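Data block for my_file_37.cif (mmCIF, C-alpha atoms):
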```cif
data_input
loop_
_atom_site.label_atom_id
_atom_site.label_comp_id
_atom_site.auth_asym_id
_atom_site.auth_seq_id
_atom_site.Cartn_x
_atom_site.Cartn_y
_atom_site.Cartn_z
CA MET A 792 15.60 11.23 16.89
CA ASP A 793 15.77 8.61 14.11
CA ALA A 794 18.44 5.91 13.95
CA ILE A 795 20.35 7.44 11.02
CA THR A 796 20.63 10.86 12.70
CA ALA A 797 21.75 9.18 15.92
CA ALA A 798 24.30 7.01 14.07
CA SER A 799 25.81 10.05 12.35
CA ALA A 800 26.87 11.56 15.69
CA VAL A 801 30.38 10.06 15.54
CA SER A 802 33.07 11.97 17.36
CA ASP A 803 36.07 12.67 15.14
CA PRO A 804 38.10 15.90 15.38
CA THR A 805 39.05 15.98 11.65
CA LEU A 806 35.47 15.37 10.56
CA HIS A 807 34.26 18.03 12.99
CA LEU A 808 36.81 20.51 11.61
CA ILE A 809 35.78 19.91 7.98
CA SER A 810 32.08 19.99 8.89
CA THR A 811 32.52 23.29 10.73
CA PHE A 812 34.51 24.70 7.80
CA ILE A 813 31.77 23.95 5.25
CA ASP A 814 29.09 25.12 7.66
CA ASN A 815 30.05 28.70 6.81
CA ALA A 816 27.66 29.78 4.04
CA TRP A 817 30.28 31.79 2.12
CA VAL A 818 32.88 29.03 2.24
CA TYR A 819 30.28 26.49 1.14
CA ALA A 820 29.04 28.72 -1.71
CA ALA A 821 32.65 29.12 -2.89
CA ILE A 822 33.22 25.34 -2.82
CA VAL A 823 29.99 24.71 -4.76
CA LEU A 824 30.89 27.32 -7.40
CA VAL A 825 34.40 25.90 -7.81
CA LEU A 826 32.97 22.38 -8.20
CA LEU A 827 30.43 23.68 -10.71
CA PHE A 828 33.02 25.50 -12.82
CA ILE A 829 35.49 22.59 -12.73
CA GLY A 830 32.86 20.02 -13.66
CA GLU A 831 31.01 21.90 -16.38
CA ARG A 832 32.75 23.67 -19.26
CA ARG A 833 29.68 24.80 -21.23
CA ASP A 834 28.51 28.30 -20.30
CA SER A 835 24.84 27.59 -21.10
CA LYS A 836 24.82 24.53 -18.80
CA ARG A 837 26.63 26.51 -16.08
CA ILE A 838 23.88 29.13 -16.21
CA LYS A 839 21.23 26.41 -16.06
CA ILE A 840 22.85 24.83 -13.00
CA MET A 841 23.22 28.20 -11.28
CA PHE A 842 19.55 28.91 -11.98
CA SER A 843 18.59 25.58 -10.41
CA LEU A 844 20.81 26.29 -7.38
CA ALA A 845 19.18 29.71 -6.95
CA LEU A 846 15.75 28.04 -7.18
CA VAL A 847 16.80 25.47 -4.56
CA VAL A 848 17.79 28.28 -2.18
CA LEU A 849 14.55 30.21 -2.79
CA VAL A 850 12.27 27.17 -2.40
CA GLY A 851 14.29 25.96 0.59
CA MET A 852 14.01 29.32 2.35
CA ALA A 853 10.26 29.44 1.68
CA VAL A 854 9.78 25.92 3.08
CA LYS A 855 11.95 26.70 6.12
CA ALA A 856 9.87 29.79 6.90
CA SER A 857 6.51 28.13 6.33
CA LEU A 858 7.09 24.84 8.18
CA ALA A 859 9.21 26.41 10.97
CA VAL A 860 10.77 23.17 12.23
CA ASP A 861 13.13 23.69 15.17
CA ARG A 862 16.78 22.59 14.94
CA PRO A 863 17.70 19.37 16.79
CA CYS A 864 20.48 21.36 18.49
CA ILE A 865 18.14 24.08 19.79
CA GLY A 866 19.35 25.51 23.10
CA GLN A 867 23.03 24.75 22.43
CA SER A 868 25.51 27.60 22.01
CA SER A 869 26.69 26.75 18.48
CA CYS A 870 23.22 26.10 17.06
CA PRO A 871 22.23 28.15 13.95
CA ALA A 872 19.44 30.65 14.56
CA ASP A 873 17.21 29.72 11.63
CA TYR A 874 14.89 26.74 11.16
CA SER A 875 15.95 23.19 10.43
CA PHE A 876 13.82 21.70 7.64
CA PRO A 877 15.06 21.30 4.92
CA SER A 878 18.86 21.23 4.99
CA MET A 879 19.95 23.91 2.52
CA HIS A 880 23.50 22.56 2.41
CA ALA A 881 22.19 19.12 1.43
CA ALA A 882 19.67 20.56 -1.07
CA VAL A 883 22.39 22.54 -2.88
CA ALA A 884 24.77 19.54 -2.93
CA PHE A 885 22.04 17.24 -4.27
CA ALA A 886 21.03 19.78 -6.95
CA LEU A 887 24.68 19.92 -8.06
CA MET A 888 24.76 16.10 -8.09
CA ILE A 889 21.63 15.87 -10.28
CA ALA A 890 23.11 18.40 -12.73
CA PHE A 891 25.99 16.00 -13.36
CA LEU A 892 23.78 12.94 -13.85
CA ASP A 893 25.03 12.37 -17.41
CA LYS A 894 28.74 12.78 -16.62
CA LYS A 895 31.53 10.45 -15.56
CA SER A 896 32.22 12.78 -12.63
CA PHE A 897 28.73 12.08 -11.21
CA ILE A 898 30.06 9.66 -8.61
CA PHE A 899 32.26 12.41 -7.16
CA TYR A 900 29.28 14.79 -6.86
CA LEU A 901 27.19 12.00 -5.34
CA LEU A 902 29.84 11.34 -2.69
CA PHE A 903 30.17 15.08 -2.08
CA ALA A 904 26.39 15.38 -1.51
CA LEU A 905 26.37 12.39 0.84
CA PHE A 906 29.36 13.75 2.76
CA VAL A 907 27.77 17.21 3.12
CA SER A 908 24.53 15.58 4.34
CA PHE A 909 26.43 13.45 6.82
CA SER A 910 28.40 16.45 8.07
CA ARG A 911 25.19 18.39 8.76
CA MET A 912 23.83 15.55 10.88
CA ASN A 913 27.23 15.02 12.50
CA LEU A 914 27.30 18.64 13.69
CA GLY A 915 23.83 18.11 15.17
CA PHE A 916 22.38 20.92 13.04
CA HIS A 917 20.06 18.69 11.03
CA THR A 918 18.17 15.41 11.21
CA PHE A 919 17.91 12.77 8.49
CA ARG A 920 14.45 14.14 7.69
CA ASP A 921 16.01 17.54 6.84
CA VAL A 922 18.49 15.84 4.51
CA CYS A 923 15.68 13.92 2.75
CA GLY A 924 13.80 17.21 2.40
CA GLY A 925 16.91 18.67 0.78
CA LEU A 926 17.02 15.84 -1.75
CA VAL A 927 13.33 16.32 -2.62
CA ILE A 928 13.74 20.08 -3.08
CA ALA A 929 16.79 19.52 -5.27
CA LEU A 930 14.89 17.07 -7.49
CA VAL A 931 11.86 19.36 -7.82
CA ALA A 932 13.99 22.47 -8.46
CA TYR A 933 15.99 20.69 -11.13
CA TYR A 934 12.78 19.40 -12.75
CA ILE A 935 11.33 22.95 -12.84
CA THR A 936 14.60 24.35 -14.23
CA ASP A 937 14.66 21.66 -16.90
CA ARG A 938 11.09 22.48 -17.97
CA ILE A 939 11.86 26.21 -18.15
CA TRP A 940 15.04 25.54 -20.17
CA GLU A 941 13.18 23.26 -22.55
CA ARG A 942 10.67 26.03 -23.25
CA LEU A 943 13.38 28.67 -23.64
CA GLU A 944 15.26 26.47 -26.09
CA LYS A 945 12.09 25.81 -28.10
CA ARG A 946 11.34 29.52 -28.17
CA GLY A 947 14.95 30.27 -29.17
CA ALA A 948 14.79 27.71 -31.99
CA LYS A 949 11.47 29.18 -33.21
CA HIS A 950 12.90 32.70 -33.37
CA GLY A 951 15.93 31.48 -35.27
CA MET B 288 -0.54 -7.79 -20.99
CA ASP B 289 0.73 -4.68 -22.83
CA LYS B 290 3.63 -2.54 -21.62
CA GLU B 291 1.56 0.33 -20.20
CA THR B 292 -0.67 -2.00 -18.14
CA GLY B 293 2.45 -3.78 -16.85
CA ARG B 294 3.99 -0.42 -15.99
CA GLN B 295 0.92 0.65 -14.05
CA LEU B 296 0.68 -2.66 -12.18
CA PHE B 297 4.34 -2.31 -11.22
CA HIS B 298 3.62 1.28 -10.09
CA LEU B 299 0.71 -0.02 -7.99
CA ILE B 300 2.67 -2.87 -6.39
CA VAL B 301 5.62 -0.64 -5.50
CA GLY B 302 3.29 2.01 -4.09
CA LEU B 303 1.40 -0.48 -1.94
CA PHE B 304 4.69 -2.01 -0.79
CA ALA B 305 5.90 1.45 0.32
CA LEU B 306 2.58 1.98 2.08
CA GLY B 307 3.03 -1.38 3.86
CA LEU B 308 6.52 -0.30 4.97
CA LEU B 309 5.11 2.95 6.33
CA LEU B 310 2.32 1.29 8.30
CA HIS B 311 4.53 -1.50 9.63
CA PHE B 312 7.91 0.17 10.22
CA GLY B 313 6.99 3.86 10.44
CA ARG B 314 7.94 7.07 8.69
CA SER B 315 11.69 7.24 9.41
CA PHE B 316 12.39 3.71 8.21
CA THR B 317 10.33 4.17 5.02
CA ALA B 318 11.97 7.53 4.29
CA ALA B 319 15.41 5.93 4.70
CA ALA B 320 14.42 3.10 2.33
CA VAL B 321 13.12 5.51 -0.33
CA PHE B 322 16.19 7.74 0.10
CA ILE B 323 18.48 4.76 -0.55
CA VAL B 324 16.38 3.73 -3.57
CA ILE B 325 16.74 7.24 -5.05
CA ILE B 326 20.51 7.33 -4.47
CA ILE B 327 21.01 3.87 -6.03
CA GLY B 328 18.57 4.82 -8.80
CA THR B 329 20.52 7.95 -9.74
CA LEU B 330 23.72 5.91 -9.81
CA LEU B 331 22.10 3.39 -12.18
CA MET B 332 20.72 6.25 -14.33
CA ASN B 333 24.23 7.68 -14.54
CA LEU B 334 25.72 4.33 -15.61
CA ARG B 335 22.95 3.92 -18.19
CA LEU B 336 23.52 7.44 -19.56
CA LEU B 337 27.22 6.67 -19.87
CA GLY B 338 26.33 3.69 -22.04
CA PHE B 339 26.77 0.82 -19.59
CA LYS B 340 24.42 -2.12 -20.08
CA ILE B 341 23.13 -3.44 -16.76
CA PRO B 342 20.94 -6.52 -17.37
CA LEU B 343 18.34 -5.78 -14.67
CA VAL B 344 18.08 -2.11 -15.66
CA THR B 345 17.78 -2.97 -19.37
CA TRP B 346 15.00 -5.46 -18.57
CA PHE B 347 13.25 -2.90 -16.40
CA GLU B 348 13.49 -0.23 -19.11
CA LYS B 349 12.25 -2.61 -21.80
CA ASN B 350 9.24 -3.74 -19.79
CA PHE B 351 8.25 -0.77 -17.69
CA GLU B 352 9.71 2.46 -19.03
CA ARG B 353 7.35 4.77 -20.91
CA GLU B 354 8.17 5.39 -24.60
CA GLY B 355 10.05 8.65 -25.17
CA ALA B 356 11.00 9.03 -21.48
CA LYS B 357 13.15 12.05 -20.77
CA LEU B 358 15.85 9.96 -19.11
CA PRO B 359 16.13 6.24 -18.40
CA GLY B 360 14.23 5.68 -15.15
CA TRP B 361 12.87 9.23 -15.03
CA GLY B 362 9.28 8.17 -14.23
CA SER B 363 10.42 5.90 -11.40
CA ALA B 364 12.70 8.63 -10.01
CA CYS B 365 9.79 11.09 -9.91
CA TYR B 366 7.55 8.50 -8.25
CA ALA B 367 10.17 7.81 -5.57
CA ALA B 368 10.73 11.56 -5.11
CA GLY B 369 6.97 12.09 -4.71
CA ASN B 370 6.81 9.47 -1.99
CA LEU B 371 9.88 10.86 -0.24
CA MET B 372 8.28 14.31 -0.36
CA LEU B 373 5.21 12.97 1.48
CA LEU B 374 7.38 11.14 4.01
CA THR B 375 9.41 14.23 4.87
CA PHE B 376 6.98 17.15 4.56
CA LEU B 377 4.15 15.49 6.48
CA THR B 378 4.55 14.08 9.97
CA ASP B 379 1.26 12.27 10.61
CA THR B 380 1.48 8.63 9.46
CA TYR B 381 -2.17 8.47 8.43
CA GLN B 382 -1.99 11.69 6.39
CA ILE B 383 1.08 10.30 4.61
CA ALA B 384 -0.69 6.97 4.04
CA ALA B 385 -3.73 8.75 2.56
CA CYS B 386 -1.56 10.63 0.07
CA MET B 387 0.54 7.56 -0.73
CA ILE B 388 -2.51 5.44 -1.53
CA ILE B 389 -3.77 8.16 -3.91
CA LEU B 390 -0.40 8.22 -5.64
CA ALA B 391 -0.28 4.42 -5.89
CA LEU B 392 -3.89 3.54 -6.70
CA GLY B 393 -5.20 6.65 -8.42
CA ASP B 394 -2.54 6.94 -11.10
CA SER B 395 -2.56 3.21 -11.94
CA VAL B 396 -6.33 2.81 -12.07
CA SER B 397 -6.88 6.04 -14.05
CA THR B 398 -4.34 5.04 -16.70
CA ILE B 399 -5.74 1.53 -17.11
CA ILE B 400 -9.40 2.67 -17.19
CA GLY B 401 -8.67 5.94 -18.98
CA ARG B 402 -7.32 4.15 -22.03
CA LEU B 403 -10.72 2.53 -22.51
CA GLY B 404 -12.54 5.87 -22.25
CA LYS B 405 -13.84 7.90 -25.20
CA ASN B 406 -14.59 11.34 -23.74
CA LYS B 407 -11.52 13.58 -23.74
CA ILE B 408 -11.03 16.17 -21.01
CA PRO B 409 -11.57 19.56 -22.75
CA TYR B 410 -8.25 21.06 -21.58
CA ASN B 411 -6.19 17.86 -21.83
CA GLY B 412 -6.46 15.83 -25.00
CA SER B 413 -4.31 13.00 -23.65
CA LYS B 414 -6.64 12.15 -20.74
CA THR B 415 -10.27 11.03 -20.59
CA VAL B 416 -13.18 11.85 -18.30
CA GLU B 417 -13.54 8.12 -17.56
CA GLY B 418 -9.90 8.00 -16.44
CA SER B 419 -10.34 11.00 -14.15
CA LEU B 420 -13.51 9.49 -12.71
CA ALA B 421 -11.64 6.24 -12.05
CA PHE B 422 -8.84 8.27 -10.44
CA PHE B 423 -11.34 10.00 -8.13
CA ILE B 424 -13.08 6.75 -7.12
CA ALA B 425 -9.75 4.98 -6.47
CA SER B 426 -8.50 8.02 -4.53
CA LEU B 427 -11.48 7.84 -2.20
CA SER B 428 -9.52 5.03 -0.51
CA ALA B 429 -7.80 7.90 1.33
CA PHE B 430 -11.01 7.96 3.43
CA LEU B 431 -9.75 4.78 5.15
CA PHE B 432 -6.91 6.77 6.73
CA ILE B 433 -8.19 10.30 7.29
CA GLY B 434 -11.97 10.07 7.11
CA PRO B 435 -14.08 12.74 5.31
CA LEU B 436 -10.99 14.85 4.56
CA GLY B 437 -10.08 12.04 2.15
CA ILE B 438 -12.93 13.13 -0.14
CA ALA B 439 -11.52 16.66 -0.44
CA LEU B 440 -8.04 15.21 -0.95
CA ALA B 441 -9.31 12.88 -3.69
CA ALA B 442 -11.09 15.75 -5.45
CA LEU B 443 -8.01 17.98 -5.34
CA ALA B 444 -5.71 15.19 -6.56
CA THR B 445 -8.12 14.43 -9.43
CA VAL B 446 -8.03 18.04 -10.62
CA VAL B 447 -4.22 18.22 -10.33
CA GLU B 448 -3.78 14.89 -12.13
CA SER B 449 -5.80 16.14 -15.09
CA ILE B 450 -3.58 19.18 -15.71
CA PRO B 451 -1.62 18.64 -18.94
CA GLU B 452 2.17 18.54 -19.36
CA LEU B 453 3.04 18.24 -15.67
CA GLU B 454 4.69 15.33 -13.88
CA ASP B 455 1.80 14.10 -11.73
CA ASN B 456 4.10 12.00 -9.52
CA LEU B 457 5.40 15.36 -8.25
CA THR B 458 2.37 17.63 -8.57
CA ILE B 459 -0.05 15.29 -6.72
CA PRO B 460 2.17 15.06 -3.59
CA ILE B 461 2.73 18.86 -3.67
CA ALA B 462 -1.05 19.47 -3.81
CA CYS B 463 -1.76 16.87 -1.10
CA ILE B 464 0.89 18.36 1.20
CA ALA B 465 -0.44 21.88 0.63
CA LEU B 466 -3.98 20.79 1.54
CA MET B 467 -2.85 18.86 4.62
CA LEU B 468 -0.78 21.80 5.87
CA ILE B 469 -3.54 24.33 5.25
CA LEU B 470 -6.30 22.31 6.94
#
```

Would you mind writing the structure in this file as C-alpha cells?
Amino acid sequence: MDAITAASAVSDPTLHLISTFIDNAWVYAAIVLVLLFIGERRDSKRIKIMFSLALVVLVGMAVKASLAVDRPCIGQSSCPADYSFPSMHAAVAFALMIAFLDKKSFIFYLLFALFVSFSRMNLGFHTFRDVCGGLVIALVAYYITDRIWERLEKRGAKHG
Amino acid sequence: MDKETGRQLFHLIVGLFALGLLLHFGRSFTAAAVFIVIIIGTLLMNLRLLGFKIPLVTWFEKNFEREGAKLPGWGSACYAAGNLMLLTFLTDTYQIAACMIILALGDSVSTIIGRLGKNKIPYNGSKTVEGSLAFFIASLSAFLFIGPLGIALAALATVVESIPELEDNLTIPIACIALMLIL
C-alpha cells in the first residue's frame, strides 16, 4: 500500500459516518445532481455536464471490468463486491470539478472532489492509484465531451 | 529561440524530469507528484479564467503556451494527465518509462524537426513526413526499457501522433497502454 493510502486511514467517527453515507450510490448521485443544478443555471451546460458524467461512468465501468483490480479491502465484510480501479466516486467528483473550471465556485467543487477521494481511501475501499485513475478518466471524459459539443455547436450554427 | 522551440524544450525537460522521478522514487511517488501538479494547475487555470494576473503563470503563458490554446495551460494539463494515465493504468515501471520517454522525446523532437520538413502527411496537412520520421526515431528510445517491444510501441505511437485534430498528449498514452495491456 502506498504512503498516501496508508495516511488516509485516520479513525474518526464523524468522518466514517459521512464517508459511509456518500458511499451509497443513490445518495451520492443525488448529492452530485444537487451540486450540479445549484452551480450551473444554464440548461445547455447542465446537459453537457450530465453527458460528461454519464461518459465518466461508462468509461469507468469499462476500465473496471477490463483491468479487474481487486479492492484493498477484499475479504472484509463491508467491502464492495466490484473491482477497485478506478474510483467511480472520485471520477464523478473530478468531472464535476472540471466542469466548473471557469467559475468562482470552482474551489468548492475542488474541495468536494478531494474530500470524496479521501473518504474512499479512508473507508479502505480504494487506494490512491484508484483516485488518480478517477482523475484521469474525468479529464479524458470531459475532453471528449468538449470535442463533441464543439462539433454539435458548429453543426447547429451551420444549419442556422 | 522562438516560442514553439522553447515550448518543446520545456516539454522535453519536464518529461525527462518526470521520468527521473519514476526511476529514482518509483511509481507511487511520481503519481502523487503529478496528481498534485494537476490539482494546483487546475486551481491556477481557474484563477486565470477569472481574470487574476499571477506573474509566474503570465510569464509561463507568454513564453510556452501555444497560440489559440483552448484554455490557459490546456496543453500542460493534457501532458500531465497523459503522464498520470501511464502511472496509474500500467504497473510495470519499465513499461511506464518506455511510454513516458516516447511522450517526452517523440513529441518534442517531431515538432522541432517537423517544422523544417517539406513533405506533408497526406491525411494531415499540419504535420510532415520528416516530423513523423523524427518522432519514430526518437521513440525508439523506448527500446532501452522494454527491448524489441519498444519498436512496436514506437511505430504505434508514430501512427497515433500523426492523426489530425486529436490531443496527442492523451491519445499517445491511451494507445501505449492499450498495446501494453494486450501484449

Using all atoms listed in the file, give me every residue within 10 Å of (-5.6, 6.0, -12.4) in file coordinates, as a short mmCIF file (atom, residue, chain, number, x, y, z; two decimals) with C-alpha atoms, in the frame of the given file.
```cif
data_model
loop_
_atom_site.label_atom_id
_atom_site.label_comp_id
_atom_site.auth_asym_id
_atom_site.auth_seq_id
_atom_site.Cartn_x
_atom_site.Cartn_y
_atom_site.Cartn_z
CA GLN B 295 0.92 0.65 -14.05
CA LEU B 299 0.71 -0.02 -7.99
CA ILE B 389 -3.77 8.16 -3.91
CA LEU B 390 -0.40 8.22 -5.64
CA ALA B 391 -0.28 4.42 -5.89
CA LEU B 392 -3.89 3.54 -6.70
CA GLY B 393 -5.20 6.65 -8.42
CA ASP B 394 -2.54 6.94 -11.10
CA SER B 395 -2.56 3.21 -11.94
CA VAL B 396 -6.33 2.81 -12.07
CA SER B 397 -6.88 6.04 -14.05
CA THR B 398 -4.34 5.04 -16.70
CA ILE B 399 -5.74 1.53 -17.11
CA ILE B 400 -9.40 2.67 -17.19
CA GLY B 401 -8.67 5.94 -18.98
CA ARG B 402 -7.32 4.15 -22.03
CA GLU B 417 -13.54 8.12 -17.56
CA GLY B 418 -9.90 8.00 -16.44
CA SER B 419 -10.34 11.00 -14.15
CA LEU B 420 -13.51 9.49 -12.71
CA ALA B 421 -11.64 6.24 -12.05
CA PHE B 422 -8.84 8.27 -10.44
CA PHE B 423 -11.34 10.00 -8.13
CA ILE B 424 -13.08 6.75 -7.12
CA ALA B 425 -9.75 4.98 -6.47
CA SER B 426 -8.50 8.02 -4.53
CA THR B 445 -8.12 14.43 -9.43
CA GLU B 448 -3.78 14.89 -12.13
#
```

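When only C-alpha atoms are used to measure the gap to chain A, the shortest distance among B:Ile326, B:Leu296, B:Leu306, B:Ala429 belongs to B:Ile326.
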
Specify as a count of residues only all residues of chain A found within 6 Å of chain B, counting only C-alpha atoms.
5

| query | Counting all atoms listed in the file, what is within 7 Å of Asn406 (chain B), bar same-chain residues fewer than 2 positions away, as a list in words? | reply |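 The neighbour list is Gly404, Ile408, Thr415 and Val416 of chain B.
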
Could you pull the residues within 12 Å of Ile939 (chain A), counting only C-alpha atoms, minus those fewer than 4 positions along the same chain, as a CSV table (one decimal) with C-alpha atoms, in the frame of the given file?
```
chain,number,residue,atom,x,y,z
A,839,LYS,CA,21.2,26.4,-16.1
A,842,PHE,CA,19.6,28.9,-12.0
A,843,SER,CA,18.6,25.6,-10.4
A,846,LEU,CA,15.8,28.0,-7.2
A,932,ALA,CA,14.0,22.5,-8.5
A,933,TYR,CA,16.0,20.7,-11.1
A,934,TYR,CA,12.8,19.4,-12.8
A,935,ILE,CA,11.3,23.0,-12.8
A,943,LEU,CA,13.4,28.7,-23.6
A,944,GLU,CA,15.3,26.5,-26.1
A,945,LYS,CA,12.1,25.8,-28.1
A,946,ARG,CA,11.3,29.5,-28.2
```

TODO: For the file shown, report as a ChimeraX atom specification the outcome of the PyMOL selection byres ((chain A and resi 824) around 12) at residue level.
DONE: /A:817-823,825-831,837-838,840-841,844-845,883-884,887

| message | Here's the selection I'm unsure about, the PyMOL selection byres ((chain B and resi 443) around 12); applied to the file above, which residues does it give, as a PyMOL selection string? | response | chain B and resi 386+389+419+422-423+426-427+436-442+444-450+458-467

Matched chain/residue IDs from the PyMOL selection byres ((chain B and resi 291-293) around 8), as a JSON list (two decimals) with C-alpha atoms, in the frame of the given file:
```
[["chain", "number", "residue", "atom", "x", "y", "z"],
["B", 288, "MET", "CA", -0.54, -7.79, -20.99],
["B", 289, "ASP", "CA", 0.73, -4.68, -22.83],
["B", 290, "LYS", "CA", 3.63, -2.54, -21.62],
["B", 294, "ARG", "CA", 3.99, -0.42, -15.99],
["B", 295, "GLN", "CA", 0.92, 0.65, -14.05],
["B", 296, "LEU", "CA", 0.68, -2.66, -12.18],
["B", 297, "PHE", "CA", 4.34, -2.31, -11.22],
["B", 350, "ASN", "CA", 9.24, -3.74, -19.79],
["B", 351, "PHE", "CA", 8.25, -0.77, -17.69],
["B", 353, "ARG", "CA", 7.35, 4.77, -20.91],
["B", 399, "ILE", "CA", -5.74, 1.53, -17.11]]
```

Mind giving me the axis-aligned box for region 846-865 of chain A with 5 Å on every side, centre plus edges in Å to one decimal, as JSON?
```
{"center_x": 13.5, "center_y": 24.8, "center_z": 6.3, "size_x": 24.0, "size_y": 20.8, "size_z": 37.0}
```

Nearest candidate to Met879 (chain A) (options A:Cys864, A:Leu905, A:Val854, A:Val848; using all atoms listed in the file):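 Using all atoms listed in the file, the shortest distance to Met879 (chain A) belongs to A:Val848.
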
ask   = Between A:His807, A:Lys949, A:Arg833, A:His880, which is the closest to Asn913 (chain A) once you count only C-alpha atoms?
value =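 Of A:His807, A:Lys949, A:Arg833, A:His880, the one nearest Asn913 (chain A), counting only C-alpha atoms, is A:His807.
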
Taken to one decimal, the CA of Ser857 (chain A)-CA of Ser363 (chain B) distance is 28.7 Å

Correct to one decimal, the distance CA of Gly328 (chain B)-CA of Ile300 (chain B) is 17.8 Å

Across A:Val847, A:Leu926, A:Ile795, A:Ala853, the smallest distance to Tyr874 (chain A), with only C-alpha atoms counted, is shown by A:Ala853

Note to self: Using Å and a single decimal, report how far CA of Tyr900 (chain A) sits from CA of Met888 (chain A).
What the structure shows: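 Between these atoms lies a distance of 4.9 Å.
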
Please return region 890-902 of chain A, rebuilt to N, CA and C atoms, as a short mmCIF file (atom, residue, chain, number, x, y, z; two decimals), in the frame of the given file.
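part_37.cif written:
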```cif
data_model
loop_
_atom_site.label_atom_id
_atom_site.label_comp_id
_atom_site.auth_asym_id
_atom_site.auth_seq_id
_atom_site.Cartn_x
_atom_site.Cartn_y
_atom_site.Cartn_z
N ALA A 890 22.66 17.71 -11.51
CA ALA A 890 23.11 18.40 -12.73
C ALA A 890 24.20 17.62 -13.47
N PHE A 891 24.89 16.76 -12.75
CA PHE A 891 25.99 16.00 -13.36
C PHE A 891 25.60 14.53 -13.61
N LEU A 892 24.29 14.30 -13.70
CA LEU A 892 23.78 12.94 -13.85
C LEU A 892 24.32 12.23 -15.10
N ASP A 893 24.59 13.00 -16.15
CA ASP A 893 25.03 12.37 -17.41
C ASP A 893 26.55 12.40 -17.58
N LYS A 894 27.28 12.67 -16.50
CA LYS A 894 28.74 12.78 -16.62
C LYS A 894 29.46 11.71 -15.83
N LYS A 895 30.71 11.44 -16.27
CA LYS A 895 31.53 10.45 -15.56
C LYS A 895 31.84 10.92 -14.13
N SER A 896 31.88 12.24 -13.94
CA SER A 896 32.22 12.78 -12.63
C SER A 896 31.06 12.69 -11.63
N PHE A 897 29.93 12.15 -12.07
CA PHE A 897 28.73 12.08 -11.21
C PHE A 897 29.03 11.47 -9.85
N ILE A 898 29.78 10.38 -9.86
CA ILE A 898 30.06 9.66 -8.61
C ILE A 898 30.73 10.58 -7.58
N PHE A 899 31.61 11.47 -8.06
CA PHE A 899 32.26 12.41 -7.16
C PHE A 899 31.22 13.35 -6.52
N TYR A 900 30.31 13.87 -7.36
CA TYR A 900 29.28 14.79 -6.86
C TYR A 900 28.29 14.08 -5.92
N LEU A 901 28.05 12.80 -6.22
CA LEU A 901 27.19 12.00 -5.34
C LEU A 901 27.84 11.85 -3.96
N LEU A 902 29.12 11.51 -3.97
CA LEU A 902 29.84 11.34 -2.69
C LEU A 902 29.93 12.67 -1.94
#
```
